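Data block for entry.txt (compact mmCIF, C-alpha atoms):
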# COMPACT_ATOMS: atom_id res chain seq x y z
CA MET R 1 0.00 0.00 0.00
CA ARG R 2 2.81 2.37 0.91
CA LYS R 3 4.60 1.58 -2.38
CA SER R 4 1.40 2.17 -4.36
CA LEU R 5 0.93 5.57 -2.71
CA TRP R 6 4.54 6.51 -3.49
CA LEU R 7 4.07 5.62 -7.17
CA THR R 8 0.87 7.66 -7.31
CA LEU R 9 2.61 10.72 -5.87
CA LEU R 10 5.53 10.22 -8.26
CA CYS R 11 3.19 10.20 -11.26
CA LEU R 12 1.51 13.38 -10.09
CA THR R 13 4.90 15.11 -10.32
CA GLY R 14 5.65 13.94 -13.87
CA CYS R 15 5.16 10.31 -14.82
CA ALA R 16 3.97 10.90 -18.37
CA ASN R 17 5.55 8.78 -21.09
CA HIS R 18 7.69 11.68 -22.32
CA GLU R 19 9.18 12.06 -18.82
CA ILE R 20 10.77 8.60 -18.80
CA ARG R 21 14.51 8.76 -18.18
CA GLU R 22 16.55 8.19 -21.33
CA SER R 23 20.03 6.78 -21.90
CA TRP R 24 21.47 10.15 -22.99
CA GLN R 25 20.62 11.54 -19.56
CA ASN R 26 22.70 8.79 -17.94
CA LYS R 27 25.64 9.56 -20.23
CA LEU R 28 25.42 13.27 -19.46
CA TYR R 29 25.39 12.47 -15.74
CA ALA R 30 28.42 10.20 -16.20
CA LEU R 31 30.27 13.09 -17.84
CA GLN R 32 29.31 15.31 -14.92
CA GLN R 33 30.75 12.67 -12.56
CA GLY R 34 34.12 12.91 -14.32
CA GLU R 35 34.08 10.02 -16.77
CA ASN R 36 36.22 10.44 -19.87
CA LEU R 37 33.40 11.07 -22.35
CA LYS R 38 32.29 13.29 -25.18
CA PHE R 39 28.68 14.45 -25.16
CA ARG R 40 27.50 16.01 -28.42
CA ILE R 41 24.35 18.11 -28.77
CA VAL R 42 23.08 19.46 -32.09
CA GLN R 43 20.36 22.12 -32.09
CA ILE R 44 18.57 22.46 -35.44
CA GLY R 45 16.22 25.37 -35.90
CA ASP R 46 15.14 28.64 -37.47
CA SER R 47 16.37 32.24 -37.00
CA HIS R 48 16.45 31.90 -33.21
CA THR R 49 19.13 29.23 -33.74
CA ALA R 50 20.83 30.94 -36.70
CA ALA R 51 21.62 34.01 -34.57
CA ASP R 52 23.58 31.77 -32.12
CA PHE R 53 22.79 34.10 -29.19
CA PHE R 54 20.48 31.60 -27.47
CA SER R 55 22.67 28.60 -28.30
CA GLN R 56 25.84 30.42 -27.20
CA ALA R 57 24.29 31.08 -23.79
CA VAL R 58 23.38 27.38 -23.54
CA ARG R 59 26.83 26.36 -24.77
CA LYS R 60 28.73 28.52 -22.30
CA ARG R 61 26.64 27.37 -19.34
CA LEU R 62 26.84 23.68 -20.22
CA GLN R 63 30.55 23.71 -21.07
CA ALA R 64 31.31 25.50 -17.80
CA HIS R 65 29.46 22.67 -16.03
CA PHE R 66 30.46 19.60 -18.08
CA GLY R 67 33.71 20.68 -19.77
CA ASN R 68 34.49 22.02 -23.24
CA GLY R 69 34.62 19.28 -25.88
CA GLY R 70 35.12 21.56 -28.88
CA LEU R 71 33.51 23.97 -31.32
CA GLY R 72 31.12 21.58 -33.05
CA PHE R 73 29.62 22.45 -36.44
CA VAL R 74 31.02 25.54 -38.15
CA TYR R 75 30.27 27.11 -41.54
CA PRO R 76 33.61 27.41 -43.39
CA VAL R 77 32.62 30.74 -44.95
CA ALA R 78 30.66 33.62 -43.40
CA VAL R 79 27.04 33.67 -44.51
CA ARG R 80 24.89 36.79 -44.33
CA GLY R 81 22.32 36.49 -41.57
CA GLN R 82 24.10 33.53 -39.95
CA GLN R 83 26.20 33.88 -36.82
CA ASN R 84 28.78 31.77 -35.04
CA ALA R 85 29.75 33.00 -31.61
CA ASN R 86 33.01 31.04 -31.48
CA VAL R 87 34.79 31.74 -34.75
CA GLN R 88 35.46 34.47 -37.27
CA GLN R 89 35.30 33.45 -40.93
CA LEU R 90 37.38 35.37 -43.46
CA SER R 91 37.35 34.46 -47.14
CA GLN R 92 38.10 35.50 -50.69
CA ASN R 93 36.25 34.29 -53.77
CA TRP R 94 33.80 31.94 -52.11
CA LEU R 95 30.03 32.10 -52.67
CA SER R 96 27.57 30.76 -50.11
CA PHE R 97 23.98 29.67 -50.72
CA ARG R 98 21.29 29.00 -48.11
CA GLN R 99 18.83 26.15 -48.61
CA ARG R 100 19.85 25.77 -52.26
CA ASP R 101 22.72 24.78 -54.51
CA PRO R 102 23.69 26.75 -57.67
CA ASP R 103 23.65 23.47 -59.63
CA ASN R 104 20.07 22.70 -58.59
CA GLU R 105 21.20 20.01 -56.18
CA LYS R 106 20.01 19.78 -52.62
CA PRO R 107 22.39 21.40 -50.10
CA PRO R 108 24.21 19.22 -47.57
CA LEU R 109 23.64 18.89 -43.83
CA GLY R 110 23.00 22.35 -42.37
CA GLY R 111 21.36 23.71 -45.52
CA ILE R 112 24.28 25.89 -46.64
CA VAL R 113 26.77 25.20 -49.42
CA SER R 114 29.89 27.27 -50.06
CA VAL R 115 31.29 27.22 -53.60
CA ALA R 116 34.89 28.10 -54.46
CA GLN R 117 35.78 30.52 -57.24
CA GLU R 118 39.17 31.18 -58.84
CA ASN R 119 41.97 32.36 -56.52
CA ASN R 120 40.05 31.39 -53.41
CA TRP R 121 40.87 31.03 -49.75
CA ALA R 122 38.84 30.75 -46.55
CA LYS R 123 40.13 31.09 -43.01
CA ILE R 124 38.53 29.99 -39.73
CA ILE R 125 39.83 31.89 -36.70
CA PRO R 126 38.61 31.17 -33.15
CA TYR R 127 37.79 34.30 -31.16
CA GLN R 128 39.49 32.66 -28.19
CA PRO R 129 42.88 31.10 -29.05
CA ILE R 130 42.92 27.30 -29.04
CA GLN R 131 46.31 25.65 -28.59
CA SER R 132 45.41 21.98 -28.75
CA LEU R 133 45.16 19.74 -31.81
CA GLN R 134 41.66 19.64 -33.30
CA TYR R 135 39.79 16.85 -35.06
CA ILE R 136 38.12 18.45 -38.08
CA ARG R 137 35.66 16.66 -40.35
CA PHE R 138 35.19 18.16 -43.82
CA ASN R 139 32.09 17.58 -45.91
CA PHE R 140 32.94 18.49 -49.50
CA LYS R 141 32.27 17.79 -53.15
CA PRO R 142 35.08 18.20 -55.71
CA GLU R 143 34.67 19.39 -59.27
CA SER R 144 36.93 16.52 -60.42
CA LEU R 145 39.20 13.89 -58.90
CA ALA R 146 42.13 16.25 -59.53
CA ASN R 147 40.43 18.88 -57.38
CA HIS R 148 41.76 18.80 -53.80
CA LEU R 149 41.61 20.92 -50.66
CA LEU R 150 44.84 22.51 -49.52
CA LEU R 151 44.97 23.26 -45.79
CA ARG R 152 47.39 25.44 -43.83
CA ASP R 153 46.94 25.19 -40.08
CA GLY R 154 47.94 27.26 -37.05
CA LYS R 155 51.35 25.57 -36.84
CA GLN R 156 52.01 26.46 -40.50
CA ARG R 157 51.68 22.83 -41.52
CA THR R 158 50.37 22.07 -45.00
CA LEU R 159 47.85 19.26 -45.47
CA GLN R 160 45.96 17.98 -48.49
CA ILE R 161 42.53 16.39 -48.76
CA LYS R 162 42.22 14.37 -51.96
CA PRO R 163 38.79 13.21 -53.11
CA ALA R 164 37.88 9.54 -53.41
CA THR R 165 34.85 10.29 -55.57
CA LYS R 166 33.17 13.19 -57.35
CA LYS R 167 30.21 12.94 -54.98
CA TRP R 168 29.79 14.55 -51.56
CA GLN R 169 32.18 12.90 -49.11
CA SER R 170 33.41 13.25 -45.56
CA THR R 171 37.05 13.29 -44.42
CA LEU R 172 38.56 13.66 -40.94
CA VAL R 173 41.87 15.52 -40.46
CA LYS R 174 43.90 16.57 -37.43
CA ALA R 175 45.02 20.19 -37.49
CA PHE R 176 45.60 23.27 -35.37
CA LEU R 177 43.50 26.42 -35.54
CA PRO R 178 43.33 28.92 -37.15
CA LEU R 179 42.88 27.00 -40.38
CA GLN R 180 43.06 28.21 -43.97
CA VAL R 181 41.35 26.24 -46.76
CA GLN R 182 41.89 26.51 -50.51
CA SER R 183 40.28 24.63 -53.36
CA GLU R 184 43.03 23.69 -55.82
CA ASN R 185 42.79 22.36 -59.39
CA GLY R 186 39.05 22.94 -59.50
CA LEU R 187 36.15 24.56 -57.70
CA ALA R 188 35.09 22.43 -54.76
CA LYS R 189 31.93 22.82 -52.69
CA LEU R 190 32.05 22.81 -48.91
CA GLY R 191 29.39 22.01 -46.37
CA GLN R 192 29.65 22.09 -42.59
CA LEU R 193 32.92 21.48 -40.77
CA HIS R 194 32.72 19.63 -37.47
CA ILE R 195 35.48 20.56 -35.01
CA GLU R 196 36.26 18.99 -31.65
CA ASN R 197 39.25 18.66 -29.36
CA ASN R 198 40.82 15.61 -27.73
CA LYS R 199 39.49 16.36 -24.25
CA LYS R 200 36.43 15.10 -22.44
CA GLY R 201 33.50 17.47 -22.36
CA LEU R 202 30.40 18.71 -24.12
CA ILE R 203 29.93 20.02 -27.66
CA TYR R 204 26.92 22.19 -28.48
CA SER R 205 26.34 22.81 -32.19
CA ALA R 206 23.77 25.16 -33.70
CA LEU R 207 22.43 24.56 -37.23
CA GLY R 208 19.92 27.30 -37.91
CA ILE R 209 18.47 28.86 -41.06
CA ASN R 210 16.54 32.13 -41.15
CA GLY R 211 12.93 31.56 -42.12
CA ALA R 212 13.14 27.78 -41.75
CA ARG R 213 10.29 25.47 -40.78
CA LEU R 214 10.77 21.88 -39.69
CA SER R 215 9.65 20.83 -43.17
CA SER R 216 12.62 22.80 -44.58
CA LEU R 217 14.83 19.85 -43.63
CA ASN R 218 13.36 18.08 -46.66
CA LYS R 219 15.30 20.56 -48.81
CA TRP R 220 18.58 19.07 -47.55
CA GLN R 221 20.27 16.08 -49.17
CA ASP R 222 18.38 12.88 -48.54
CA ASN R 223 21.34 11.44 -46.61
CA TRP R 224 21.74 14.40 -44.23
CA LEU R 225 20.91 12.22 -41.24
CA GLN R 226 23.63 9.76 -42.22
CA GLU R 227 26.07 12.66 -42.45
CA LEU R 228 24.93 13.91 -39.05
CA LYS R 229 25.44 10.42 -37.66
CA LYS R 230 29.17 10.68 -38.40
CA SER R 231 29.47 13.37 -35.73
CA GLN R 232 27.98 10.90 -33.21
CA PRO R 233 25.31 13.14 -31.66
CA ASP R 234 23.96 12.12 -28.26
CA LEU R 235 21.06 14.58 -28.33
CA ILE R 236 19.28 16.36 -31.19
CA ILE R 237 17.22 19.43 -30.33
CA LEU R 238 14.55 20.63 -32.75
CA SER R 239 13.75 24.31 -32.24
CA PHE R 240 11.06 25.29 -34.75
CA GLY R 241 7.55 26.70 -34.79
CA SER R 242 7.96 30.46 -35.23
CA ASN R 243 7.66 30.40 -39.02
CA GLU R 244 4.91 27.78 -38.94
CA ILE R 245 2.91 30.18 -36.77
CA PHE R 246 3.03 32.89 -39.44
CA ASN R 247 2.02 30.57 -42.27
CA PRO R 248 -1.24 32.18 -43.53
CA TYR R 249 -2.31 28.84 -45.04
CA LEU R 250 -1.59 26.76 -41.96
CA ASN R 251 -3.50 23.47 -41.77
CA ILE R 252 -2.69 22.25 -38.28
CA GLN R 253 -3.51 18.60 -39.00
CA ALA R 254 -1.35 18.57 -42.14
CA GLU R 255 1.43 20.32 -40.20
CA LYS R 256 1.21 17.77 -37.41
CA GLN R 257 1.54 15.00 -39.98
CA ARG R 258 4.64 16.63 -41.48
CA TRP R 259 6.21 16.94 -38.04
CA SER R 260 5.35 13.35 -37.20
CA LEU R 261 7.01 12.07 -40.37
CA GLN R 262 10.16 14.10 -39.71
CA ILE R 263 10.39 12.93 -36.10
CA LYS R 264 9.94 9.30 -37.20
CA LYS R 265 12.64 9.77 -39.83
CA ILE R 266 15.11 11.10 -37.26
CA LYS R 267 14.33 8.42 -34.69
CA GLN R 268 14.68 5.64 -37.28
CA ALA R 269 18.00 6.94 -38.60
CA LEU R 270 19.44 7.63 -35.13
CA PRO R 271 17.72 5.23 -32.73
CA ASN R 272 20.37 5.64 -30.03
CA THR R 273 20.28 9.44 -30.09
CA GLY R 274 17.97 11.43 -27.84
CA LEU R 275 15.48 13.85 -29.37
CA LEU R 276 14.12 16.91 -27.58
CA LEU R 277 11.74 19.66 -28.69
CA ILE R 278 11.98 23.36 -27.88
CA SER R 279 8.54 24.82 -28.50
CA ALA R 280 8.10 28.26 -30.02
CA PRO R 281 8.63 31.29 -27.77
CA ASP R 282 5.83 33.64 -26.87
CA MET R 283 5.11 36.32 -29.51
CA ASN R 284 3.35 39.65 -29.78
CA THR R 285 1.93 41.03 -33.03
CA ALA R 286 0.43 44.20 -31.50
CA GLN R 287 1.55 47.39 -33.21
CA LYS R 288 0.56 49.46 -30.19
CA ASN R 289 1.41 49.24 -26.53
CA HIS R 290 -0.44 46.04 -25.62
CA CYS R 291 -0.36 42.25 -25.98
CA LEU R 292 -1.75 40.42 -29.00
CA ALA R 293 -0.65 36.84 -29.70
CA PRO R 294 -0.43 35.57 -33.31
CA LYS R 295 -3.53 33.70 -34.42
CA ASN R 296 -1.75 30.34 -34.76
CA LEU R 297 0.47 30.52 -31.67
CA SER R 298 -1.73 28.44 -29.36
CA ALA R 299 -2.39 25.84 -32.08
CA ILE R 300 1.32 25.31 -32.77
CA LEU R 301 2.20 25.14 -29.07
CA LYS R 302 -0.59 22.62 -28.49
CA MET R 303 0.61 20.57 -31.49
CA GLN R 304 4.21 20.51 -30.21
CA LYS R 305 3.06 19.42 -26.76
CA GLN R 306 0.95 16.63 -28.26
CA LEU R 307 3.80 15.42 -30.46
CA ALA R 308 6.14 15.28 -27.46
CA LYS R 309 3.60 13.14 -25.64
CA ASN R 310 2.95 10.87 -28.63
CA PHE R 311 6.65 10.22 -29.29
CA ARG R 312 7.73 10.26 -25.63
CA LEU R 313 10.00 13.24 -26.15
CA LYS R 314 11.24 15.81 -23.67
CA LEU R 315 9.79 19.25 -24.40
CA TRP R 316 11.02 22.58 -23.07
CA SER R 317 8.43 25.33 -23.27
CA TRP R 318 10.15 28.57 -24.29
CA GLN R 319 6.91 30.46 -23.68
CA GLU R 320 6.62 29.19 -20.10
CA ALA R 321 10.30 29.95 -19.47
CA MET R 322 9.58 33.54 -20.56
CA GLY R 323 6.63 33.80 -18.18
CA GLY R 324 3.60 32.46 -20.07
CA ASN R 325 0.97 34.38 -22.02
CA CYS R 326 1.90 37.98 -22.92
CA ALA R 327 5.51 37.32 -21.87
CA MET R 328 6.79 38.75 -25.17
CA TYR R 329 5.00 42.03 -24.45
CA ARG R 330 6.62 42.19 -21.01
CA TYR R 331 10.01 41.32 -22.54
CA GLN R 332 9.60 44.21 -24.97
CA GLN R 333 8.86 46.59 -22.10
CA GLN R 334 12.04 45.41 -20.33
CA GLY R 335 14.29 45.65 -23.38
CA LEU R 336 14.56 41.85 -23.64
CA ALA R 337 12.77 41.54 -27.00
CA ARG R 338 12.74 43.35 -30.32
CA LYS R 339 9.97 45.47 -31.75
CA ASP R 340 8.95 42.71 -34.20
CA GLY R 341 7.51 40.75 -31.27
CA VAL R 342 9.16 37.56 -32.54
CA HIS R 343 12.86 37.81 -31.74
CA LEU R 344 14.58 38.57 -28.46
CA THR R 345 17.46 40.93 -27.83
CA ILE R 346 20.87 39.46 -27.02
CA LYS R 347 20.08 39.89 -23.32
CA GLY R 348 16.74 38.12 -23.75
CA TYR R 349 18.34 35.19 -25.58
CA GLU R 350 21.04 34.95 -22.93
CA MET R 351 18.47 34.93 -20.12
CA THR R 352 16.32 32.17 -21.65
CA GLY R 353 19.37 30.26 -22.91
CA LYS R 354 20.67 29.96 -19.37
CA LYS R 355 17.25 28.69 -18.25
CA PHE R 356 17.33 25.99 -20.93
CA ALA R 357 20.87 25.01 -19.96
CA ASP R 358 19.78 24.66 -16.33
CA TYR R 359 16.89 22.49 -17.53
CA LEU R 360 19.36 20.12 -19.27
CA ILE R 361 21.63 20.07 -16.23
CA LYS R 362 18.63 19.11 -14.11
CA LEU R 363 17.71 16.34 -16.55
CA ALA R 364 21.18 14.85 -16.16
CA LYS R 365 20.71 14.25 -12.45
CA PRO R 366 19.34 10.82 -11.41
Could you write out this file's structure as structure tokens?
Amino acid sequence: MRKSLWLTLLCLTGCANHEIRESWQNKLYALQQGENLKFRIVQIGDSHTAADFFSQAVRKRLQAHFGNGGLGFVYPVAVRGQQNANVQQLSQNWLSFRQRDPDNEKPPLGGIVSVAQENNWAKIIPYQPIQSLQYIRFNFKPESLANHLLLRDGKQRTLQIKPATKKWQSTLVKAFLPLQVQSENGLAKLGQLHIENNKKGLIYSALGINGARLSSLNKWQDNWLQELKKSQPDLIILSFGSNEIFNPYLNIQAEKQRWSLQIKKIKQALPNTGLLLISAPDMNTAQKNHCLAPKNLSAILKMQKQLAKNFRLKLWSWQEAMGGNCAMYRYQQQGLARKDGVHLTIKGYEMTGKKFADYLIKLAKP
């Protein structure tokens, strides 16, 4: 009887299917306890992710707690509207395309392809100097088998990456940062670089595209999940919903079906990787000094909550972390959100990012 009562009380505090403890939580706790592990998190999302303000706040908090495992995914060339808080990207004669490829091919993992032109170079420079050797995975497509990548690293060493095929391919090299990349004997295409060190710790990557919906992932190469798998993610975070909310032709049942198919696709391709949803933040479409939520906000938030329950996923409510209904209006009054009523200021992203990081730290505990 006493055991039955205890179980009843436990369920009242969160015994829903999506609150079941998962294996990634145990691994994160093991890292916290000092085990020699890498824990890799990849956040995929829209403009909130692309800005890297929210994810940088999460990254700094988690790496201070669990250790710094490396930079994670990095665009090799600066892209307008995309940010990376950890590195500066300098380049000459490279063109970058978001969610498309100039040759009408689908872009690789991350949705951005950088294309070399004649007399090119690209340089990746960490804002904070990194002395240790880095493990860097290149995703590239050569123009021909004679086309190779010429690398010059922070120790002035010269390395070459020679293609094995004319298709997209992945190669791992060991090099020091900063790193300069050139496409020689042809015009190669580059996708994401994945960078990590040789220490235990946590890696928090942000793959965000301005204006993206979850369905935008269908614009990426069909094997993007297999490419993501090479980085060995322990937890994938999907942070979408804002652009779905402003879809004037939104059919919530059709949208729920699209989300369900994408979640199934991810879980099937990466069955040992955790999957977590960040629901859309609160929003305010009022032009005057009051609160007015977008028409579809409640429907999208309800859909995300239902999907988390159906698929037994953890869900972090950005709206609730902000303070619930009309939180965006209050954030605007406090200088924590922009006038558009959709995006936060840097301070607002940092505040909520720290809250999300604390949520993950709490999930790690037994």
Find the distance between CA of Leu238 in chain R and CA of Trp224 in chain R and write it in Å to one decimal. 14.9 Å
Top pick for closest residue to Asn325 in chain R, considering R:Asn197, R:Ser216, R:Ser298, R:Gln304 and counting only C-alpha atoms: R:Ser298
Hey, which of R:Gln131, R:Ser183, R:Asn289, R:Asn296 ends up closest to Ala116 in chain R? Count only C-alpha atoms. R:Ser183
Find the distance between CA of Leu217 in chain R and CA of Ile245 in chain R and write it in Å to one decimal.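 CA of Ile245 in chain R lies at a distance of 17.2 Å from CA of Leu217 in chain R.
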Residue with the minimum atom-to-atom distance to Arg80 in chain R, picked from R:Ile209, R:Lys347, R:Ser170, R:Gln192 with all atoms listed in the file counted, is R:Ile209
Identify, on the basis of only C-alpha atoms, every residue whose closest approach to Trp318 in chain R does not exceed 6 Å; exclude the query and any residue fewer than 2 positions from it along the same chain; express the result as number ranges by chain. R: 279, 281, 320-321
Could you write those residues out with C-alpha atoms, as a PDB file, in the coordinates of the input?
ATOM      1  CA  SER R 279       8.540  24.820 -28.500  1.00  0.00           C
ATOM      2  CA  PRO R 281       8.630  31.290 -27.770  1.00  0.00           C
ATOM      3  CA  GLU R 320       6.620  29.190 -20.100  1.00  0.00           C
ATOM      4  CA  ALA R 321      10.300  29.950 -19.470  1.00  0.00           C
TER       5      ALA R 321
END
Which residue out of R:Gln333, R:Gln268, R:Asn210, R:Ser231 has the minimum interatomic distance to Phe73 in chain R when only C-alpha atoms are used? R:Ser231
May I ask which of the residues R:Gln88, R:Asn223, R:Thr165, R:Gln232 is the closest one to Gln180 in chain R, counting all atoms listed in the file?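 Answer, going by the shortest atom-to-atom distance: R:Gln88.
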Distance CA of Gly186 in chain R-CA of Ser144 in chain R, one decimal place?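 That distance, rounded to one decimal, is 6.8 Å.
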Point out the residue among R:Lys60, R:Asn218, R:Glu227, R:Pro233 with the least atom-to-atom distance to Gln262 in chain R, counting only C-alpha atoms.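 Closest residue, counting only C-alpha atoms: R:Asn218.
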Tell me which residues come within 12 Å of (17.5, 6.1, -34.5), as a list in words, counting only C-alpha atoms in the file's coordinates. Leu225, Gln226, Leu228, Lys229, Gln232, Pro233, Asp234, Leu235, Ile236, Ile263, Lys264, Lys265, Ile266, Lys267, Gln268, Ala269, Leu270, Pro271, Asn272, Thr273, Gly274 and Leu275 of chain R
Can you write out the residues you just picked, keeping C-alpha atoms, as a PDB file, keeping the file's coordinate frame?
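Result file follows (selection.pdb):
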ATOM      1  CA  LEU R 225      20.910  12.220 -41.240  1.00  0.00           C
ATOM      2  CA  GLN R 226      23.630   9.760 -42.220  1.00  0.00           C
ATOM      3  CA  LEU R 228      24.930  13.910 -39.050  1.00  0.00           C
ATOM      4  CA  LYS R 229      25.440  10.420 -37.660  1.00  0.00           C
ATOM      5  CA  GLN R 232      27.980  10.900 -33.210  1.00  0.00           C
ATOM      6  CA  PRO R 233      25.310  13.140 -31.660  1.00  0.00           C
ATOM      7  CA  ASP R 234      23.960  12.120 -28.260  1.00  0.00           C
ATOM      8  CA  LEU R 235      21.060  14.580 -28.330  1.00  0.00           C
ATOM      9  CA  ILE R 236      19.280  16.360 -31.190  1.00  0.00           C
ATOM     10  CA  ILE R 263      10.390  12.930 -36.100  1.00  0.00           C
ATOM     11  CA  LYS R 264       9.940   9.300 -37.200  1.00  0.00           C
ATOM     12  CA  LYS R 265      12.640   9.770 -39.830  1.00  0.00           C
ATOM     13  CA  ILE R 266      15.110  11.100 -37.260  1.00  0.00           C
ATOM     14  CA  LYS R 267      14.330   8.420 -34.690  1.00  0.00           C
ATOM     15  CA  GLN R 268      14.680   5.640 -37.280  1.00  0.00           C
ATOM     16  CA  ALA R 269      18.000   6.940 -38.600  1.00  0.00           C
ATOM     17  CA  LEU R 270      19.440   7.630 -35.130  1.00  0.00           C
ATOM     18  CA  PRO R 271      17.720   5.230 -32.730  1.00  0.00           C
ATOM     19  CA  ASN R 272      20.370   5.640 -30.030  1.00  0.00           C
ATOM     20  CA  THR R 273      20.280   9.440 -30.090  1.00  0.00           C
ATOM     21  CA  GLY R 274      17.970  11.430 -27.840  1.00  0.00           C
ATOM     22  CA  LEU R 275      15.480  13.850 -29.370  1.00  0.00           C
TER      23      LEU R 275
END
Using only C-alpha atoms, which residues of range 62-99 of chain R come within 6 Å of range 46-57 of chain R, and what is the closest atom pair for each, with the distance in Å to one decimal? Give it as a Markdown table, sorted by chain and residue number.
| residue | atom | partner | partner_atom | distance |
| --- | --- | --- | --- | --- |
| R:Gln82 | CA | R:Ala50 | CA | 5.3 |
| R:Gln83 | CA | R:Ala51 | CA | 5.1 |
| R:Asn84 | CA | R:Asp52 | CA | 6.0 |
Contacts of Leu177 in chain R at 6 Å (all atoms listed in the file; same-chain gap of 2+ positions) as a list of chain:residue names: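 Once the nearby chain positions are removed, what remains is R:Asp153, R:Gly154, R:Leu179.
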At a cut-off of 10 Å, using all atoms listed in the file, what residues contact Leu95 in chain R? Leave out same-chain residues fewer than 3 positions from it and give the result as a list in words.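 Here the qualifying residues turn out to be Val77, Ala78, Val79, Ser91, Gln92, Pro102, Val113, Ser114, Val115, Ala116, Gln117 and Lys189 of chain R.
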Can you tell me, as number ranges by chain, which residues sit within 12 Å of (2.1, 37.7, -20.3) in the file's frame, using only C-alpha atoms? R: 281-284, 290-293, 319-333
